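J.: Structure file input_7.txt (compact mmCIF, N, CA and C atoms) is given on the next line.
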# COMPACT_ATOMS: atom_id res chain seq x y z
N MET A 952 1.99 9.52 11.15
CA MET A 952 1.99 8.08 11.19
C MET A 952 1.99 7.56 9.74
N THR A 953 2.81 6.58 9.46
CA THR A 953 2.88 6.02 8.11
C THR A 953 1.67 5.11 7.85
N LYS A 954 1.49 4.77 6.60
CA LYS A 954 0.39 3.88 6.22
C LYS A 954 0.52 2.54 6.93
N GLU A 955 1.72 2.00 6.98
CA GLU A 955 1.95 0.71 7.63
C GLU A 955 1.63 0.78 9.13
N GLU A 956 2.05 1.84 9.79
CA GLU A 956 1.77 1.99 11.22
C GLU A 956 0.27 2.12 11.47
N THR A 957 -0.42 2.85 10.62
CA THR A 957 -1.87 3.01 10.76
C THR A 957 -2.58 1.67 10.59
N LEU A 958 -2.20 0.91 9.57
CA LEU A 958 -2.83 -0.40 9.34
C LEU A 958 -2.54 -1.35 10.50
N ARG A 959 -1.33 -1.32 11.03
CA ARG A 959 -0.98 -2.18 12.16
C ARG A 959 -1.81 -1.81 13.39
N GLU A 960 -1.99 -0.52 13.62
CA GLU A 960 -2.78 -0.06 14.77
C GLU A 960 -4.24 -0.48 14.63
N LYS A 961 -4.81 -0.34 13.43
CA LYS A 961 -6.21 -0.67 13.19
C LYS A 961 -6.47 -2.17 13.20
N SER A 962 -5.45 -2.98 13.00
CA SER A 962 -5.66 -4.43 12.90
C SER A 962 -6.24 -5.03 14.17
N ALA A 963 -6.09 -4.37 15.29
CA ALA A 963 -6.60 -4.90 16.55
C ALA A 963 -8.12 -4.84 16.64
N HIS A 964 -8.75 -3.91 15.91
CA HIS A 964 -10.20 -3.74 16.09
C HIS A 964 -10.97 -3.45 14.81
N TYR A 965 -10.36 -3.58 13.65
CA TYR A 965 -11.05 -3.33 12.39
C TYR A 965 -11.35 -4.66 11.73
N GLN A 966 -12.44 -4.73 11.00
CA GLN A 966 -12.85 -5.98 10.35
C GLN A 966 -11.83 -6.40 9.30
N HIS A 967 -11.43 -7.66 9.33
CA HIS A 967 -10.41 -8.19 8.43
C HIS A 967 -11.05 -8.89 7.23
N CYS A 968 -10.27 -9.02 6.16
CA CYS A 968 -10.69 -9.81 5.00
C CYS A 968 -9.48 -10.60 4.52
N PHE A 969 -9.70 -11.89 4.32
CA PHE A 969 -8.62 -12.77 3.87
C PHE A 969 -8.91 -13.37 2.49
N VAL A 970 -9.80 -12.75 1.74
CA VAL A 970 -10.19 -13.26 0.42
C VAL A 970 -9.23 -12.72 -0.63
N ASN A 971 -8.20 -13.49 -0.90
CA ASN A 971 -7.18 -13.07 -1.88
C ASN A 971 -7.69 -13.12 -3.31
N GLU A 972 -8.78 -13.85 -3.55
CA GLU A 972 -9.33 -13.97 -4.89
C GLU A 972 -10.16 -12.74 -5.29
N CYS A 973 -10.49 -11.89 -4.35
CA CYS A 973 -11.28 -10.69 -4.65
C CYS A 973 -10.48 -9.79 -5.59
N PRO A 974 -11.10 -9.33 -6.67
CA PRO A 974 -10.36 -8.47 -7.62
C PRO A 974 -10.01 -7.09 -7.05
N MET A 975 -10.62 -6.73 -5.94
CA MET A 975 -10.38 -5.39 -5.36
C MET A 975 -9.50 -5.45 -4.12
N HIS A 976 -8.99 -6.63 -3.76
CA HIS A 976 -8.32 -6.80 -2.47
C HIS A 976 -7.08 -5.93 -2.28
N GLU A 977 -6.34 -5.66 -3.32
CA GLU A 977 -5.08 -4.92 -3.16
C GLU A 977 -5.27 -3.47 -2.70
N HIS A 978 -6.48 -2.93 -2.86
CA HIS A 978 -6.74 -1.55 -2.43
C HIS A 978 -7.85 -1.46 -1.40
N CYS A 979 -8.21 -2.59 -0.79
CA CYS A 979 -9.28 -2.61 0.20
C CYS A 979 -8.68 -2.54 1.61
N LEU A 980 -9.17 -1.61 2.41
CA LEU A 980 -8.66 -1.45 3.77
C LEU A 980 -8.85 -2.70 4.62
N HIS A 981 -9.95 -3.42 4.42
CA HIS A 981 -10.19 -4.65 5.20
C HIS A 981 -9.10 -5.70 4.91
N TRP A 982 -8.73 -5.85 3.66
CA TRP A 982 -7.69 -6.82 3.28
C TRP A 982 -6.32 -6.33 3.75
N LEU A 983 -6.05 -5.04 3.57
CA LEU A 983 -4.75 -4.50 3.98
C LEU A 983 -4.55 -4.60 5.49
N VAL A 984 -5.61 -4.36 6.26
CA VAL A 984 -5.52 -4.49 7.72
C VAL A 984 -5.25 -5.95 8.09
N ALA A 985 -5.88 -6.87 7.39
CA ALA A 985 -5.69 -8.29 7.69
C ALA A 985 -4.24 -8.72 7.51
N GLN A 986 -3.50 -8.05 6.64
CA GLN A 986 -2.10 -8.39 6.43
C GLN A 986 -1.24 -8.03 7.64
N HIS A 987 -1.79 -7.25 8.57
CA HIS A 987 -1.06 -6.83 9.77
C HIS A 987 -1.62 -7.48 11.04
N THR A 988 -2.38 -8.54 10.87
CA THR A 988 -2.93 -9.26 12.02
C THR A 988 -1.78 -9.84 12.84
N GLN A 989 -1.89 -9.70 14.13
CA GLN A 989 -0.87 -10.24 15.03
C GLN A 989 -1.06 -11.76 15.14
N ARG A 990 -0.01 -12.49 15.10
CA ARG A 990 -0.09 -13.95 15.20
C ARG A 990 -0.62 -14.40 16.57
N THR A 991 -0.52 -13.54 17.56
CA THR A 991 -0.98 -13.89 18.90
C THR A 991 -2.47 -13.65 19.09
N ASP A 992 -3.14 -12.98 18.11
CA ASP A 992 -4.58 -12.75 18.23
C ASP A 992 -5.33 -14.07 18.15
N ILE A 993 -6.20 -14.31 19.11
CA ILE A 993 -6.97 -15.55 19.12
C ILE A 993 -8.26 -15.37 18.31
N ASN A 994 -8.93 -14.24 18.52
CA ASN A 994 -10.18 -13.96 17.81
C ASN A 994 -10.05 -12.67 17.02
N ILE A 995 -10.61 -12.69 15.81
CA ILE A 995 -10.71 -11.48 14.99
C ILE A 995 -12.07 -11.49 14.30
N VAL A 996 -12.52 -10.33 13.88
CA VAL A 996 -13.77 -10.23 13.12
C VAL A 996 -13.37 -10.11 11.66
N CYS A 997 -14.01 -10.93 10.81
CA CYS A 997 -13.63 -10.88 9.40
C CYS A 997 -14.85 -10.93 8.49
N VAL A 998 -14.62 -10.54 7.25
CA VAL A 998 -15.63 -10.57 6.20
C VAL A 998 -15.95 -12.04 5.90
N ASN A 999 -17.22 -12.32 5.65
CA ASN A 999 -17.63 -13.67 5.32
C ASN A 999 -17.12 -14.05 3.93
N PRO A 1000 -16.19 -14.98 3.84
CA PRO A 1000 -15.66 -15.34 2.52
C PRO A 1000 -16.65 -16.12 1.65
N MET A 1001 -17.73 -16.58 2.24
CA MET A 1001 -18.74 -17.34 1.50
C MET A 1001 -19.78 -16.42 0.84
N ASN A 1002 -19.78 -15.15 1.20
CA ASN A 1002 -20.73 -14.21 0.60
C ASN A 1002 -20.44 -14.12 -0.89
N PRO A 1003 -21.45 -14.31 -1.75
CA PRO A 1003 -21.20 -14.33 -3.20
C PRO A 1003 -20.65 -13.02 -3.76
N GLY A 1004 -20.95 -11.91 -3.16
CA GLY A 1004 -20.46 -10.63 -3.67
C GLY A 1004 -19.00 -10.38 -3.41
N VAL A 1005 -18.45 -11.04 -2.40
CA VAL A 1005 -17.06 -10.79 -2.01
C VAL A 1005 -16.09 -11.19 -3.12
N LYS A 1006 -16.18 -12.40 -3.62
CA LYS A 1006 -15.25 -12.86 -4.66
C LYS A 1006 -15.59 -12.32 -6.04
N ALA A 1007 -16.80 -11.81 -6.19
CA ALA A 1007 -17.24 -11.30 -7.50
C ALA A 1007 -16.91 -9.82 -7.68
N GLY A 1008 -16.25 -9.21 -6.70
CA GLY A 1008 -15.90 -7.80 -6.82
C GLY A 1008 -17.05 -6.87 -6.54
N ARG A 1009 -18.06 -7.33 -5.81
CA ARG A 1009 -19.21 -6.50 -5.46
C ARG A 1009 -19.38 -6.43 -3.94
N CYS A 1010 -18.32 -6.42 -3.23
CA CYS A 1010 -18.36 -6.45 -1.76
C CYS A 1010 -18.92 -5.13 -1.22
N GLU A 1011 -19.94 -5.25 -0.39
CA GLU A 1011 -20.56 -4.07 0.22
C GLU A 1011 -19.64 -3.40 1.23
N LEU A 1012 -18.65 -4.12 1.73
CA LEU A 1012 -17.75 -3.58 2.76
C LEU A 1012 -16.48 -2.95 2.19
N TYR A 1013 -16.33 -2.96 0.88
CA TYR A 1013 -15.11 -2.43 0.26
C TYR A 1013 -14.85 -0.99 0.69
N ARG A 1014 -13.64 -0.74 1.18
CA ARG A 1014 -13.19 0.60 1.54
C ARG A 1014 -11.85 0.83 0.87
N GLU A 1015 -11.84 1.78 -0.07
CA GLU A 1015 -10.61 2.04 -0.82
C GLU A 1015 -9.56 2.69 0.08
N ASP A 1016 -8.32 2.39 -0.21
CA ASP A 1016 -7.21 2.86 0.62
C ASP A 1016 -6.72 4.25 0.21
N LEU A 1017 -7.65 5.14 -0.08
CA LEU A 1017 -7.31 6.52 -0.37
C LEU A 1017 -7.44 7.36 0.90
N SER A 1018 -6.46 8.21 1.13
CA SER A 1018 -6.56 9.07 2.31
C SER A 1018 -7.33 10.33 1.95
N VAL A 1019 -8.03 10.86 2.95
CA VAL A 1019 -8.81 12.08 2.78
C VAL A 1019 -8.41 13.08 3.85
N LYS A 1020 -8.81 14.32 3.65
CA LYS A 1020 -8.44 15.40 4.56
C LYS A 1020 -9.56 15.64 5.56
N TYR A 1021 -9.29 15.36 6.83
CA TYR A 1021 -10.22 15.60 7.91
C TYR A 1021 -9.88 16.92 8.59
N ALA A 1022 -10.90 17.65 9.01
CA ALA A 1022 -10.69 18.85 9.80
C ALA A 1022 -10.71 18.45 11.27
N ARG A 1023 -10.00 19.21 12.10
CA ARG A 1023 -10.00 18.96 13.54
C ARG A 1023 -10.22 20.28 14.26
N GLY A 1024 -11.34 20.35 14.99
CA GLY A 1024 -11.60 21.49 15.87
C GLY A 1024 -12.24 22.69 15.20
N MET A 1025 -13.07 23.38 15.99
CA MET A 1025 -13.78 24.56 15.49
C MET A 1025 -13.79 25.68 16.54
N MET A 1026 -12.70 25.80 17.27
CA MET A 1026 -12.67 26.77 18.37
C MET A 1026 -12.74 28.22 17.89
N HIS A 1027 -12.26 28.51 16.70
CA HIS A 1027 -12.31 29.87 16.16
C HIS A 1027 -13.17 29.94 14.90
N PHE A 1028 -14.06 29.00 14.76
CA PHE A 1028 -14.89 28.87 13.58
C PHE A 1028 -15.79 30.09 13.37
N TYR A 1029 -16.31 30.65 14.45
CA TYR A 1029 -17.31 31.72 14.36
C TYR A 1029 -16.70 33.12 14.53
N ASP A 1030 -15.40 33.24 14.67
CA ASP A 1030 -14.77 34.52 15.01
C ASP A 1030 -15.16 35.67 14.10
N GLU A 1031 -15.28 35.43 12.80
CA GLU A 1031 -15.56 36.52 11.85
C GLU A 1031 -17.03 36.66 11.50
N MET A 1032 -17.88 35.83 12.08
CA MET A 1032 -19.31 35.86 11.76
C MET A 1032 -20.04 36.85 12.67
N THR A 1033 -21.19 37.30 12.20
CA THR A 1033 -22.02 38.15 13.05
C THR A 1033 -22.63 37.29 14.15
N GLY A 1034 -23.11 37.91 15.19
CA GLY A 1034 -23.71 37.19 16.31
C GLY A 1034 -24.91 36.36 15.89
N ILE A 1035 -25.73 36.93 15.01
CA ILE A 1035 -26.92 36.22 14.54
C ILE A 1035 -26.51 35.00 13.72
N GLN A 1036 -25.53 35.16 12.83
CA GLN A 1036 -25.06 34.02 12.04
C GLN A 1036 -24.51 32.93 12.95
N GLU A 1037 -23.71 33.35 13.92
CA GLU A 1037 -23.12 32.39 14.84
C GLU A 1037 -24.20 31.59 15.58
N ARG A 1038 -25.18 32.28 16.13
CA ARG A 1038 -26.25 31.60 16.88
C ARG A 1038 -27.04 30.66 15.98
N ASN A 1039 -27.42 31.13 14.80
CA ASN A 1039 -28.21 30.31 13.89
C ASN A 1039 -27.44 29.08 13.41
N ILE A 1040 -26.18 29.28 13.03
CA ILE A 1040 -25.36 28.16 12.54
C ILE A 1040 -25.12 27.17 13.66
N ARG A 1041 -24.75 27.66 14.84
CA ARG A 1041 -24.49 26.76 15.97
C ARG A 1041 -25.73 25.94 16.31
N SER A 1042 -26.88 26.58 16.38
CA SER A 1042 -28.10 25.84 16.74
C SER A 1042 -28.46 24.81 15.67
N ARG A 1043 -28.25 25.15 14.39
CA ARG A 1043 -28.54 24.19 13.33
C ARG A 1043 -27.57 23.02 13.33
N LEU A 1044 -26.30 23.28 13.63
CA LEU A 1044 -25.32 22.20 13.70
C LEU A 1044 -25.61 21.28 14.89
N ILE A 1045 -25.99 21.85 16.01
CA ILE A 1045 -26.35 21.03 17.18
C ILE A 1045 -27.59 20.20 16.86
N TYR A 1046 -28.54 20.79 16.16
CA TYR A 1046 -29.75 20.06 15.76
C TYR A 1046 -29.39 18.91 14.81
N LEU A 1047 -28.47 19.17 13.87
CA LEU A 1047 -28.08 18.17 12.88
C LEU A 1047 -27.29 17.01 13.52
N PHE A 1048 -26.29 17.34 14.32
CA PHE A 1048 -25.39 16.31 14.86
C PHE A 1048 -25.78 15.85 16.26
N SER A 1049 -26.56 16.61 16.97
CA SER A 1049 -26.91 16.50 18.39
C SER A 1049 -25.77 17.11 19.21
N ARG A 1050 -26.05 17.39 20.46
CA ARG A 1050 -25.16 18.20 21.30
C ARG A 1050 -23.78 17.58 21.49
N LYS A 1051 -23.73 16.33 21.93
CA LYS A 1051 -22.42 15.73 22.24
C LYS A 1051 -21.50 15.66 21.02
N PRO A 1052 -21.95 15.09 19.87
CA PRO A 1052 -21.06 15.08 18.71
C PRO A 1052 -20.65 16.48 18.24
N TYR A 1053 -21.57 17.45 18.32
CA TYR A 1053 -21.22 18.81 17.92
C TYR A 1053 -20.03 19.31 18.75
N TYR A 1054 -20.11 19.14 20.06
CA TYR A 1054 -19.02 19.63 20.91
C TYR A 1054 -17.75 18.80 20.76
N GLU A 1055 -17.87 17.56 20.39
CA GLU A 1055 -16.68 16.76 20.08
C GLU A 1055 -16.01 17.27 18.80
N TYR A 1056 -16.80 17.64 17.81
CA TYR A 1056 -16.24 18.29 16.61
C TYR A 1056 -15.59 19.61 16.98
N ARG A 1057 -16.33 20.43 17.72
CA ARG A 1057 -15.86 21.77 18.09
C ARG A 1057 -14.54 21.71 18.87
N ASN A 1058 -14.45 20.80 19.83
CA ASN A 1058 -13.27 20.72 20.70
C ASN A 1058 -12.13 19.90 20.11
N GLY A 1059 -12.33 19.34 18.92
CA GLY A 1059 -11.27 18.58 18.27
C GLY A 1059 -11.13 17.15 18.75
N VAL A 1060 -12.10 16.66 19.50
CA VAL A 1060 -12.07 15.28 19.98
C VAL A 1060 -12.41 14.32 18.85
N ARG A 1061 -13.33 14.72 17.99
CA ARG A 1061 -13.78 13.91 16.87
C ARG A 1061 -13.37 14.60 15.58
N LEU A 1062 -12.75 13.84 14.66
CA LEU A 1062 -12.37 14.40 13.36
C LEU A 1062 -13.62 14.69 12.53
N ILE A 1063 -13.54 15.72 11.70
CA ILE A 1063 -14.65 16.15 10.85
C ILE A 1063 -14.38 15.65 9.44
N SER A 1064 -15.18 14.68 9.01
CA SER A 1064 -14.99 14.04 7.71
C SER A 1064 -15.32 15.01 6.58
N PRO A 1065 -14.88 14.71 5.36
CA PRO A 1065 -15.23 15.56 4.22
C PRO A 1065 -16.75 15.71 4.04
N LYS A 1066 -17.49 14.63 4.25
CA LYS A 1066 -18.95 14.69 4.13
C LYS A 1066 -19.54 15.65 5.18
N THR A 1067 -19.05 15.55 6.40
CA THR A 1067 -19.53 16.43 7.47
C THR A 1067 -19.11 17.88 7.19
N GLN A 1068 -17.92 18.09 6.64
CA GLN A 1068 -17.49 19.43 6.27
C GLN A 1068 -18.44 20.03 5.24
N GLU A 1069 -18.90 19.21 4.30
CA GLU A 1069 -19.86 19.68 3.29
C GLU A 1069 -21.18 20.08 3.93
N GLN A 1070 -21.64 19.29 4.90
CA GLN A 1070 -22.88 19.62 5.60
C GLN A 1070 -22.75 20.94 6.35
N ILE A 1071 -21.62 21.13 7.00
CA ILE A 1071 -21.37 22.37 7.74
C ILE A 1071 -21.32 23.55 6.79
N ALA A 1072 -20.62 23.40 5.67
CA ALA A 1072 -20.51 24.48 4.68
C ALA A 1072 -21.88 24.85 4.11
N ARG A 1073 -22.72 23.84 3.84
CA ARG A 1073 -24.07 24.10 3.32
C ARG A 1073 -24.89 24.94 4.30
N ILE A 1074 -24.84 24.56 5.56
CA ILE A 1074 -25.59 25.31 6.58
C ILE A 1074 -25.06 26.74 6.69
N CYS A 1075 -23.76 26.91 6.64
CA CYS A 1075 -23.17 28.25 6.71
C CYS A 1075 -23.62 29.10 5.53
N ARG A 1076 -23.63 28.53 4.34
CA ARG A 1076 -24.08 29.28 3.15
C ARG A 1076 -25.56 29.64 3.28
N GLU A 1077 -26.37 28.70 3.75
CA GLU A 1077 -27.80 28.96 3.91
C GLU A 1077 -28.07 30.07 4.92
N GLU A 1078 -27.16 30.25 5.86
CA GLU A 1078 -27.30 31.31 6.86
C GLU A 1078 -26.61 32.60 6.45
N GLY A 1079 -26.13 32.63 5.20
CA GLY A 1079 -25.58 33.87 4.66
C GLY A 1079 -24.09 34.06 4.83
N TRP A 1080 -23.37 33.08 5.35
CA TRP A 1080 -21.92 33.22 5.51
C TRP A 1080 -21.24 32.89 4.18
N THR A 1081 -20.47 33.85 3.65
CA THR A 1081 -19.77 33.66 2.38
C THR A 1081 -18.26 33.60 2.57
N GLY A 1082 -17.81 33.79 3.79
CA GLY A 1082 -16.37 33.78 4.07
C GLY A 1082 -15.80 32.38 4.15
N GLU A 1083 -14.53 32.33 4.46
CA GLU A 1083 -13.83 31.06 4.60
C GLU A 1083 -14.22 30.39 5.93
N LEU A 1084 -14.26 29.08 5.92
CA LEU A 1084 -14.54 28.34 7.15
C LEU A 1084 -13.20 27.99 7.81
N HIS A 1085 -13.06 28.39 9.07
CA HIS A 1085 -11.78 28.23 9.78
C HIS A 1085 -11.84 27.07 10.77
N TYR A 1086 -11.19 25.98 10.41
CA TYR A 1086 -11.03 24.86 11.33
C TYR A 1086 -9.68 25.01 12.02
N ASP A 1087 -9.52 24.35 13.15
CA ASP A 1087 -8.28 24.49 13.93
C ASP A 1087 -7.09 23.79 13.29
N GLY A 1088 -7.34 22.72 12.55
CA GLY A 1088 -6.24 22.00 11.93
C GLY A 1088 -6.76 20.96 10.95
N TRP A 1089 -5.82 20.27 10.32
CA TRP A 1089 -6.17 19.28 9.30
C TRP A 1089 -5.34 18.03 9.52
N GLU A 1090 -5.95 16.87 9.21
CA GLU A 1090 -5.25 15.59 9.29
C GLU A 1090 -5.65 14.72 8.12
N GLU A 1091 -4.69 13.96 7.63
CA GLU A 1091 -4.96 13.00 6.56
C GLU A 1091 -5.16 11.63 7.19
N ASP A 1092 -6.18 10.91 6.74
CA ASP A 1092 -6.43 9.55 7.22
C ASP A 1092 -7.30 8.84 6.19
N PHE A 1093 -7.45 7.55 6.35
CA PHE A 1093 -8.32 6.77 5.48
C PHE A 1093 -9.78 6.98 5.91
N GLN A 1094 -10.71 6.69 5.01
CA GLN A 1094 -12.13 6.72 5.37
C GLN A 1094 -12.51 5.34 5.86
N TRP A 1095 -12.36 5.15 7.14
CA TRP A 1095 -12.64 3.85 7.76
C TRP A 1095 -14.12 3.66 7.78
Just give me the structure as structure tokens.
T.:
Amino acid sequence: MTKEETLREKSAHYQHCFVNECPMHEHCLHWLVAQHTQRTDINIVCVNPMNPGVKAGRCELYREDLSVKYARGMMHFYDEMTGIQERNIRSRLIYLFSRKPYYEYRNGVRLISPKTQEQIARICREEGWTGELHYDGWEEDFQW
């Protein structure tokens, strides 16, 4: 999916920003999504233009339009690990994320962000795994 298609798709449910005076607007996902608002939309959620930080370049909602690499799925993640490592890592990941999100990551339903990948890698290292971490696939997307 191209950047334009992604922004158009997100415009239906992502917070918009129409503050053209903001010095960061050209690279902010909220402003870029707002440029793809459908004229037929009656209601949208938007950034408060009266907030003093918004026009001063200190917006708390700023999201840069850089794409990052998300992992998808962990079906063969444990294949090369010992049984003890697998059990310990799996139980720690379930404890960290809780059961439902863990299985959504594992089954590829939920993308695994770079931050979450770091958490997973840290737990694997702490449990003695020094090998490569095998995810099922990779996708590029913005950090919404």
J.: Counting all atoms listed in the file, which residues of region 998-1029 of chain A sit at most 8 Å from some atom of region 1075-1086 of chain A, and what is each one's closest atom pair with its distance in Å to one decimal, listed by chain and rising residue number, as a Markdown table?
T.:
| residue | atom | partner | partner_atom | distance |
| --- | --- | --- | --- | --- |
| A:Ala1022 | CA | A:Tyr1086 | CA | 6.2 |
| A:Arg1023 | C | A:Tyr1086 | C | 5.3 |
| A:Gly1024 | C | A:Tyr1086 | CA | 4.6 |
| A:Met1025 | CA | A:Tyr1086 | CA | 5.0 |
| A:Met1026 | N | A:Tyr1086 | C | 6.1 |
| A:His1027 | C | A:His1085 | C | 5.2 |
| A:Phe1028 | CA | A:His1085 | C | 4.5 |
| A:Tyr1029 | N | A:His1085 | N | 6.7 |
J.: Those residues you just picked out, can you put them in a file as an mmCIF file, in the coordinates of the input with N, CA and C atoms?
T.:
data_model
loop_
_atom_site.group_PDB
_atom_site.id
_atom_site.type_symbol
_atom_site.label_atom_id
_atom_site.label_comp_id
_atom_site.auth_asym_id
_atom_site.auth_seq_id
_atom_site.Cartn_x
_atom_site.Cartn_y
_atom_site.Cartn_z
ATOM 1 N N ALA A 1022 -10.900 17.650 9.010
ATOM 2 C CA ALA A 1022 -10.690 18.850 9.800
ATOM 3 C C ALA A 1022 -10.710 18.450 11.270
ATOM 4 N N ARG A 1023 -10.000 19.210 12.100
ATOM 5 C CA ARG A 1023 -10.000 18.960 13.540
ATOM 6 C C ARG A 1023 -10.220 20.280 14.260
ATOM 7 N N GLY A 1024 -11.340 20.350 14.990
ATOM 8 C CA GLY A 1024 -11.600 21.490 15.870
ATOM 9 C C GLY A 1024 -12.240 22.690 15.200
ATOM 10 N N MET A 1025 -13.070 23.380 15.990
ATOM 11 C CA MET A 1025 -13.780 24.560 15.490
ATOM 12 C C MET A 1025 -13.790 25.680 16.540
ATOM 13 N N MET A 1026 -12.700 25.800 17.270
ATOM 14 C CA MET A 1026 -12.670 26.770 18.370
ATOM 15 C C MET A 1026 -12.740 28.220 17.890
ATOM 16 N N HIS A 1027 -12.260 28.510 16.700
ATOM 17 C CA HIS A 1027 -12.310 29.870 16.160
ATOM 18 C C HIS A 1027 -13.170 29.940 14.900
ATOM 19 N N PHE A 1028 -14.060 29.000 14.760
ATOM 20 C CA PHE A 1028 -14.890 28.870 13.580
ATOM 21 C C PHE A 1028 -15.790 30.090 13.370
ATOM 22 N N TYR A 1029 -16.310 30.650 14.450
ATOM 23 C CA TYR A 1029 -17.310 31.720 14.360
ATOM 24 C C TYR A 1029 -16.700 33.120 14.530
#
J.: Show me, as a PDB file with N, CA and C atoms, in the coordinates of the input, the residues that have an atom within 6 Å of region 976-981 of chain A when counting all atoms listed in the file, minus same-chain residues fewer than 3 positions from it.
T.:
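What follows is the written file selection24.pdb:
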ATOM      1  N   GLN A 966     -12.440  -4.730  11.000  1.00  0.00           N
ATOM      2  CA  GLN A 966     -12.850  -5.980  10.350  1.00  0.00           C
ATOM      3  C   GLN A 966     -11.830  -6.400   9.300  1.00  0.00           C
ATOM      4  N   HIS A 967     -11.430  -7.660   9.330  1.00  0.00           N
ATOM      5  CA  HIS A 967     -10.410  -8.190   8.430  1.00  0.00           C
ATOM      6  C   HIS A 967     -11.050  -8.890   7.230  1.00  0.00           C
ATOM      7  N   CYS A 968     -10.270  -9.020   6.160  1.00  0.00           N
ATOM      8  CA  CYS A 968     -10.690  -9.810   5.000  1.00  0.00           C
ATOM      9  C   CYS A 968      -9.480 -10.600   4.520  1.00  0.00           C
ATOM     10  N   CYS A 973     -10.490 -11.890  -4.350  1.00  0.00           N
ATOM     11  CA  CYS A 973     -11.280 -10.690  -4.650  1.00  0.00           C
ATOM     12  C   CYS A 973     -10.480  -9.790  -5.590  1.00  0.00           C
ATOM     13  N   VAL A 984      -5.610  -4.360   6.260  1.00  0.00           N
ATOM     14  CA  VAL A 984      -5.520  -4.490   7.720  1.00  0.00           C
ATOM     15  C   VAL A 984      -5.250  -5.950   8.090  1.00  0.00           C
ATOM     16  N   ALA A 985      -5.880  -6.870   7.390  1.00  0.00           N
ATOM     17  CA  ALA A 985      -5.690  -8.290   7.690  1.00  0.00           C
ATOM     18  C   ALA A 985      -4.240  -8.720   7.510  1.00  0.00           C
ATOM     19  N   TYR A1013     -16.330  -2.960   0.880  1.00  0.00           N
ATOM     20  CA  TYR A1013     -15.110  -2.430   0.260  1.00  0.00           C
ATOM     21  C   TYR A1013     -14.850  -0.990   0.690  1.00  0.00           C
ATOM     22  N   ARG A1014     -13.640  -0.740   1.180  1.00  0.00           N
ATOM     23  CA  ARG A1014     -13.190   0.600   1.540  1.00  0.00           C
ATOM     24  C   ARG A1014     -11.850   0.830   0.870  1.00  0.00           C
ATOM     25  N   GLU A1015     -11.840   1.780  -0.070  1.00  0.00           N
ATOM     26  CA  GLU A1015     -10.610   2.040  -0.820  1.00  0.00           C
ATOM     27  C   GLU A1015      -9.560   2.690   0.080  1.00  0.00           C
ATOM     28  N   ASP A1016      -8.320   2.390  -0.210  1.00  0.00           N
ATOM     29  CA  ASP A1016      -7.210   2.860   0.620  1.00  0.00           C
ATOM     30  C   ASP A1016      -6.720   4.250   0.210  1.00  0.00           C
TER      31      ASP A1016
END
J.: To test your reading of the structure, identify every residue in chain A that backbone DSSP assigns to helix (DSSP H, G or I), and report it as a PyMOL selection string.
T.: chain A and resi 954-961+976-978+980-985+1003-1006+1034-1048+1050-1058+1065-1077
J.: Rank nothing, just name the residue among A:Tyr965, A:Phe1048, A:Tyr1021, A:Trp982 nearest to Glu1091 (chain A), using only N, CA and C atoms.
T.: A:Tyr1021
J.: Could you state the separation of atom C of Phe969 (chain A) and CA of Thr953 (chain A) in Å, given to one decimal place?
T.: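 Atom C of Phe969 (chain A) sits 23.4 Å away from CA of Thr953 (chain A).
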J.: Can you measure CA of Glu1090 (chain A) to CA of Lys1020 (chain A) for me? One decimal in Å is fine.
T.: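 Computing it gives 5.7 Å between the two atoms.
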J.: Write out as a list in words all residues of chain A that backbone DSSP assigns to strand (DSSP E).
T.: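 Taking chain A and keeping strand (DSSP E) only, one gets Ser1018, Val1019, Lys1020, Tyr1021, Ala1022, Arg1023, Gly1088, Trp1089, Glu1090, Glu1091, Asp1092 and Phe1093 of chain A.
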J.: Check the smallest atom-to-atom distance from each of A:Leu1047, A:Leu1062, A:Val996, A:Met1032 to Val1019 (chain A) using only C-alpha atoms, then report the winner.
T.: A:Leu1062
J.: Between A:Ser1049, A:Trp1089, A:Lys954, A:Pro974, which residue has the minimum interatomic distance to Arg1009 (chain A), considering only N, CA and C atoms?
T.: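 For Arg1009 (chain A), the nearest of the candidates is A:Pro974.
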J.: Suppose you want the space between CA of Leu958 (chain A) and atom C of Arg1061 (chain A); what is it in Å?
T.: 19.4 Å
J.: Residues proximal to (-14.9, -16.2, -5.4) were defined as those with any atom within 8 Å of that point in the file's coordinates, counting all atoms listed in the file. Which are they, as an MDAnalysis selection string?
T.: chainID A and resid 972:974 1000:1008
J.: Residues within 8 Å of Gln989 (chain A), please, as a short mmCIF file (atom, residue, chain, number, x, y, z; two decimals) with N, CA and C atoms, keeping the file's coordinate frame. Count all atoms listed in the file; anything in the same chain fewer than 5 positions from it doesn't count.
T.:
data_model
loop_
_atom_site.label_atom_id
_atom_site.label_comp_id
_atom_site.auth_asym_id
_atom_site.auth_seq_id
_atom_site.Cartn_x
_atom_site.Cartn_y
_atom_site.Cartn_z
N ARG A 959 -1.33 -1.32 11.03
CA ARG A 959 -0.98 -2.18 12.16
C ARG A 959 -1.81 -1.81 13.39
N SER A 962 -5.45 -2.98 13.00
CA SER A 962 -5.66 -4.43 12.90
C SER A 962 -6.24 -5.03 14.17
N ALA A 963 -6.09 -4.37 15.29
CA ALA A 963 -6.60 -4.90 16.55
C ALA A 963 -8.12 -4.84 16.64
N VAL A 984 -5.61 -4.36 6.26
CA VAL A 984 -5.52 -4.49 7.72
C VAL A 984 -5.25 -5.95 8.09
#
J.: Pick out the residues sitting within 6.5 Å of Leu1017 (chain A), and hand them over as a ChimeraX atom specification; count only N, CA and C atoms, and ignore anything fewer than 5 positions along from it in its own chain.
T.: /A:1092-1094
J.: Kindly compute an axis-aligned box around the listed atoms of region 1022-1040 of chain A, allowing 5 Å on each side, and express its centre and edge lengths in Å to one decimal as JSON.
T.:
{"center_x": -19.1, "center_y": 27.9, "center_z": 13.7, "size_x": 28.2, "size_y": 30.5, "size_z": 19.4}
